[in-house]
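Chemist: Submitted below is the structure of interest, expressed as structure tokens.
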Number of protein chains: 2
Amino acid sequence: MEKMRADARRNRAKVLAAAEEAFAADGLAVPLDDIARLAGVGAGTVYRHFPSKEALFQAVVLERIEQFAEEARALATADNPGEAFLDYFVRVIKQASLNRAICDALAETSGHAFKAGAGDGFRAAYGELLRRAQAAGAIRKDIDADDLRALIVGCLAVERYAPGSEHLVRVVVDGLRASAGN
Amino acid sequence: MEKMRADARRNRAKVLAAAEEAFAADGLAVPLDDIARLAGVGAGTVYRHFPSKEALFQAVVLERIEQFAEEARALATADNPGEAFLDYFVRVIKQASLNRAICDALAETSGHAFKAGAGDGFRAAYGELLRRAQAAGAIRKDIDADDLRALIVGCLAVERYAPGSEHLVRVVVDGLRASAGN
DNA sequence: GACGATACGGAGCGTGCGTTCCGGTTGTCA
DNA sequence: TGACAACCGGAACGCACGCTCCGTATCGTC
């Protein structure tokens, strides 16, 4: 991984960049040949660097998910936990809706992808944000971190079905406030 | 359609029944050969009765959608428009979440399916329910019928990601109440 | 019962995609 | 600079699926 030949390292980077772009545009559905062509590389070269299309997808996506986790951790000490949480919730949805790779990754149910602890940092981070907002009395208490992820997936589906309708996310946000149900 | 041979009519019914079951279980993704086998019929026979897999899917799904529309029309004169609307909203989601064919049909974006007026009865029916509930001051006024459909699609995504979590639908329901945002 | 029309079944075609294989090329190091 | 190992490209394989084709079986009718 470090003592790679120069061209190998170069090609690996090109593949990653191409995959990032292609997956962002069309999600996991993009054919691997398209990624290879976009990278200016043969399909075999992709497989020399990544054991499968799925692995390449995860390599691209995990980095981005980790960015989300980082953002969440930075907000963990915010003055207003309720605001911080809701802003974060909305921002994640807005960002993810611009990137089909992230959508597909978050919606991944079968678990064969991020089961092995990957993405857990993300979960822990927004879970903490949620807990603080609930403790501050800003967010209803009958939901947990997993529920939240499900809601994010749902909002992404809404955004995909009716692009650019942020007021629908606001419906969910209003439903999350403590004043609503619970 | 009427002067069909007896076996043809029989096989058509068998195909429809099999398709209903298979699509309900796995949505549009189910291979057509599976439907044929389940119906005890060759693939060619399916194509004699339906020009394409998509057409068969619509034949199965439209009937069901029309049931939803009927239900909505029956509720249009209910005493409490707010309650009637929300109950209907929840019931549609609950029913649809048990049937992947319906989920796929409702989430259909590309429009090549129900564009030609099909399913418009459904839209009109729940639109009317929504309008009455809004007029009664029970539901926020910044959403329309299309928004509602998007929310249904979102709730179905939630239900698919986290099966059996009805309290998440309640989050959306609470967000829809007039007391929430608007 | 026999004949024409109609319908049936399932093998086969075309396509798209993930993955593998291998002859040729290129980087690296002595 | 020569030689070996690492690497590359892209043709080819296997598989799945939508759809078609055609020899055969079945139905309706006289």
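As shown in the structure tokens, the chain order sets the letters A, B, ...; within each chain, residues go from 1, and ligands are also counted from 1 in the order they appear.
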With only C-alpha atoms (C1' of nucleotides) counted and 10 Å as the cut-off, give the residues of chain C in contact with chain A, each with its shortest interatomic distance in Å and the pair that gives it, as a tab-separated table.

Modeler:
residue	atom	partner	partner_atom	distance
C:DG16	C1'	A:Pro31	CA	9.0
C:DC17	C1'	A:Pro31	CA	6.8
C:DG18	C1'	A:Leu32	CA	7.8
C:DT19	C1'	A:Ser52	CA	8.2
C:DT20	C1'	A:Gly44	CA	8.3
C:DC21	C1'	A:Gly44	CA	9.3
C:DT26	C1'	A:Asp7	CA	8.6
C:DG27	C1'	A:Arg5	CA	6.6
C:DT28	C1'	A:Arg5	CA	8.1

Chemist: How about saving the chosen residues, C-alpha atoms (C1' of nucleotides) kept, as a compact mmCIF listing (two decimals), in the first residue's frame?

Modeler:
# COMPACT_ATOMS: atom_id res chain seq x y z
C1' DG C 16 -25.73 -5.50 -19.69
C1' DC C 17 -22.82 -6.17 -15.92
C1' DG C 18 -19.41 -8.02 -12.43
C1' DT C 19 -15.34 -10.37 -12.56
C1' DT C 20 -11.23 -12.91 -14.37
C1' DC C 21 -7.35 -13.88 -17.34
C1' DT C 26 6.42 -0.12 -17.73
C1' DG C 27 8.69 1.06 -13.49
C1' DT C 28 12.49 -0.17 -10.40

Chemist: State the Cα RMSD (Å, one decimal) obtained when chain A is least-squares superposed onto chain B, all Cα atoms paired in order.

Modeler: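 C-alpha RMSD after least-squares superposition: 0.1 Å.
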
Chemist: Residues near stretch 132-138 of chain B, anyone? I mean within 10 Å using only C-alpha atoms (C1' of nucleotides), not counting same-chain ones fewer than 6 positions away, as a PyMOL selection string.

Modeler: chain B and resi 76-78+80-86+126+144+176-179

Chemist: Keeping N, CA and C atoms for every residue in the selection just given, could you write it to a file as a PDB file, in the first residue's frame?

Modeler:
ATOM      1  N   ALA B  76     -64.488  11.324   2.496  1.00  0.00           N
ATOM      2  CA  ALA B  76     -64.537  12.751   2.147  1.00  0.00           C
ATOM      3  C   ALA B  76     -65.646  13.488   2.889  1.00  0.00           C
ATOM      4  N   THR B  77     -66.603  12.741   3.385  1.00  0.00           N
ATOM      5  CA  THR B  77     -67.726  13.392   4.074  1.00  0.00           C
ATOM      6  C   THR B  77     -67.704  13.109   5.572  1.00  0.00           C
ATOM      7  N   ALA B  78     -66.562  12.718   6.059  1.00  0.00           N
ATOM      8  CA  ALA B  78     -66.467  12.359   7.476  1.00  0.00           C
ATOM      9  C   ALA B  78     -66.724  13.576   8.369  1.00  0.00           C
ATOM     10  N   ASN B  80     -65.105  14.530  11.181  1.00  0.00           N
ATOM     11  CA  ASN B  80     -63.891  15.231  11.585  1.00  0.00           C
ATOM     12  C   ASN B  80     -62.825  15.134  10.490  1.00  0.00           C
ATOM     13  N   PRO B  81     -62.707  16.119   9.649  1.00  0.00           N
ATOM     14  CA  PRO B  81     -61.794  16.042   8.504  1.00  0.00           C
ATOM     15  C   PRO B  81     -60.342  15.824   8.921  1.00  0.00           C
ATOM     16  N   GLY B  82     -59.933  16.426  10.025  1.00  0.00           N
ATOM     17  CA  GLY B  82     -58.548  16.270  10.481  1.00  0.00           C
ATOM     18  C   GLY B  82     -58.242  14.830  10.825  1.00  0.00           C
ATOM     19  N   GLU B  83     -59.081  14.262  11.663  1.00  0.00           N
ATOM     20  CA  GLU B  83     -58.906  12.859  12.044  1.00  0.00           C
ATOM     21  C   GLU B  83     -58.979  11.948  10.837  1.00  0.00           C
ATOM     22  N   ALA B  84     -59.977  12.199  10.011  1.00  0.00           N
ATOM     23  CA  ALA B  84     -60.176  11.351   8.839  1.00  0.00           C
ATOM     24  C   ALA B  84     -58.931  11.347   7.971  1.00  0.00           C
ATOM     25  N   PHE B  85     -58.370  12.525   7.753  1.00  0.00           N
ATOM     26  CA  PHE B  85     -57.194  12.629   6.916  1.00  0.00           C
ATOM     27  C   PHE B  85     -56.014  11.878   7.518  1.00  0.00           C
ATOM     28  N   LEU B  86     -55.749  12.115   8.777  1.00  0.00           N
ATOM     29  CA  LEU B  86     -54.578  11.494   9.388  1.00  0.00           C
ATOM     30  C   LEU B  86     -54.725   9.977   9.501  1.00  0.00           C
ATOM     31  N   TYR B 126     -57.112  11.801  -2.314  1.00  0.00           N
ATOM     32  CA  TYR B 126     -56.452  12.203  -1.068  1.00  0.00           C
ATOM     33  C   TYR B 126     -56.199  13.704  -1.059  1.00  0.00           C
ATOM     34  N   ASP B 144     -49.192  20.553  -0.384  1.00  0.00           N
ATOM     35  CA  ASP B 144     -50.277  20.204  -1.302  1.00  0.00           C
ATOM     36  C   ASP B 144     -50.287  18.694  -1.545  1.00  0.00           C
ATOM     37  N   LEU B 176     -47.276  17.211  10.574  1.00  0.00           N
ATOM     38  CA  LEU B 176     -48.304  17.666   9.627  1.00  0.00           C
ATOM     39  C   LEU B 176     -49.381  18.510  10.290  1.00  0.00           C
ATOM     40  N   ARG B 177     -49.532  18.368  11.584  1.00  0.00           N
ATOM     41  CA  ARG B 177     -50.600  19.112  12.277  1.00  0.00           C
ATOM     42  C   ARG B 177     -50.354  20.607  12.172  1.00  0.00           C
ATOM     43  N   ALA B 178     -51.441  21.322  12.156  1.00  0.00           N
ATOM     44  CA  ALA B 178     -51.358  22.767  11.992  1.00  0.00           C
ATOM     45  C   ALA B 178     -50.597  23.417  13.142  1.00  0.00           C
ATOM     46  N   SER B 179     -50.661  22.807  14.313  1.00  0.00           N
ATOM     47  CA  SER B 179     -50.004  23.391  15.474  1.00  0.00           C
ATOM     48  C   SER B 179     -48.488  23.407  15.318  1.00  0.00           C
TER      49      SER B 179
END

Chemist: Mind the document's chain letters and residue numbers, and return as a PyMOL selection string the residues of stretch 88-142 of chain B that DSSP labels helix (DSSP H, G or I).

Modeler: chain B and resi 88-97+100-107+120-135

Chemist: Restricting the output to C-alpha atoms, write the selected residues as a tab-separated table (two decimals), in the first residue's frame.

Modeler:
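Printed below is part.tsv as written:
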chain	number	residue	atom	x	y	z
B	88	TYR	CA	-56.19	7.66	6.13
B	89	PHE	CA	-52.58	8.77	5.82
B	90	VAL	CA	-51.47	6.24	8.41
B	91	ARG	CA	-53.57	3.46	6.99
B	92	VAL	CA	-52.28	3.94	3.46
B	93	ILE	CA	-48.72	3.77	4.70
B	94	LYS	CA	-49.40	0.71	6.77
B	95	GLN	CA	-51.12	-1.10	3.92
B	96	ALA	CA	-48.57	-0.11	1.31
B	97	SER	CA	-45.66	-1.12	3.51
B	100	ARG	CA	-43.66	-3.93	-2.17
B	101	ALA	CA	-45.49	-3.62	-5.45
B	102	ILE	CA	-47.39	-0.65	-4.09
B	103	CYS	CA	-44.22	0.85	-2.67
B	104	ASP	CA	-42.45	0.61	-6.00
B	105	ALA	CA	-45.46	2.00	-7.83
B	106	LEU	CA	-45.84	5.00	-5.55
B	107	ALA	CA	-42.13	5.73	-5.64
B	120	ASP	CA	-54.98	10.38	-10.89
B	121	GLY	CA	-58.14	9.30	-9.16
B	122	PHE	CA	-56.06	8.40	-6.15
B	123	ARG	CA	-54.32	11.74	-6.18
B	124	ALA	CA	-57.57	13.64	-6.51
B	125	ALA	CA	-59.12	11.65	-3.67
B	126	TYR	CA	-56.45	12.20	-1.07
B	127	GLY	CA	-56.04	15.76	-2.30
B	128	GLU	CA	-59.63	16.40	-1.40
B	129	LEU	CA	-59.14	14.84	2.01
B	130	LEU	CA	-56.13	17.03	2.55
B	131	ARG	CA	-57.93	20.18	1.48
B	132	ARG	CA	-60.81	19.56	3.89
B	133	ALA	CA	-58.46	18.86	6.75
B	134	GLN	CA	-56.61	22.07	6.02
B	135	ALA	CA	-59.85	24.03	5.80

Chemist: So how many Å separate atom C1' of D:DG9 and atom CA of A:Arg9, to one decimal?

Modeler: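 Separation of atom C1' of D:DG9 and atom CA of A:Arg9: 16.6 Å.
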
Chemist: What gap, in Å, lies between atom C1' of D:DC15 and atom CA of B:Ile35?

Modeler: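 Result for atom C1' of D:DC15 versus atom CA of B:Ile35: 19.4 Å, one decimal.
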
Chemist: Taking only C-alpha atoms into account, what are the residues of chain B at most 9 Å from chain A, put as number ranges by chain?

Modeler: B: 107-109, 142-143, 146-162, 165, 167-168, 170-177, 179-181

Chemist: Quick one: which residues from chain D are at most 10 Å off chain B, using only C-alpha atoms (C1' of nucleotides), as a list in words?

Modeler: DA16, DC17, DG18, DC19, DT20, DC21, DT26, DC27 and DG28 of chain D

Chemist: Please measure the separation of atom C1' of C:DC29 and atom CA of A:Arg48, giving the value in Å to one decimal.

Modeler: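 Atom CA of A:Arg48 lies 23.2 Å from atom C1' of C:DC29.
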
Chemist: Nearest to C:DA11: which of D:DC30, D:DC22, D:DC4, D:DC13 is it, counting only C-alpha atoms (C1' of nucleotides)?

Modeler: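 Ranked by minimum distance to C:DA11, first place goes to D:DC22.
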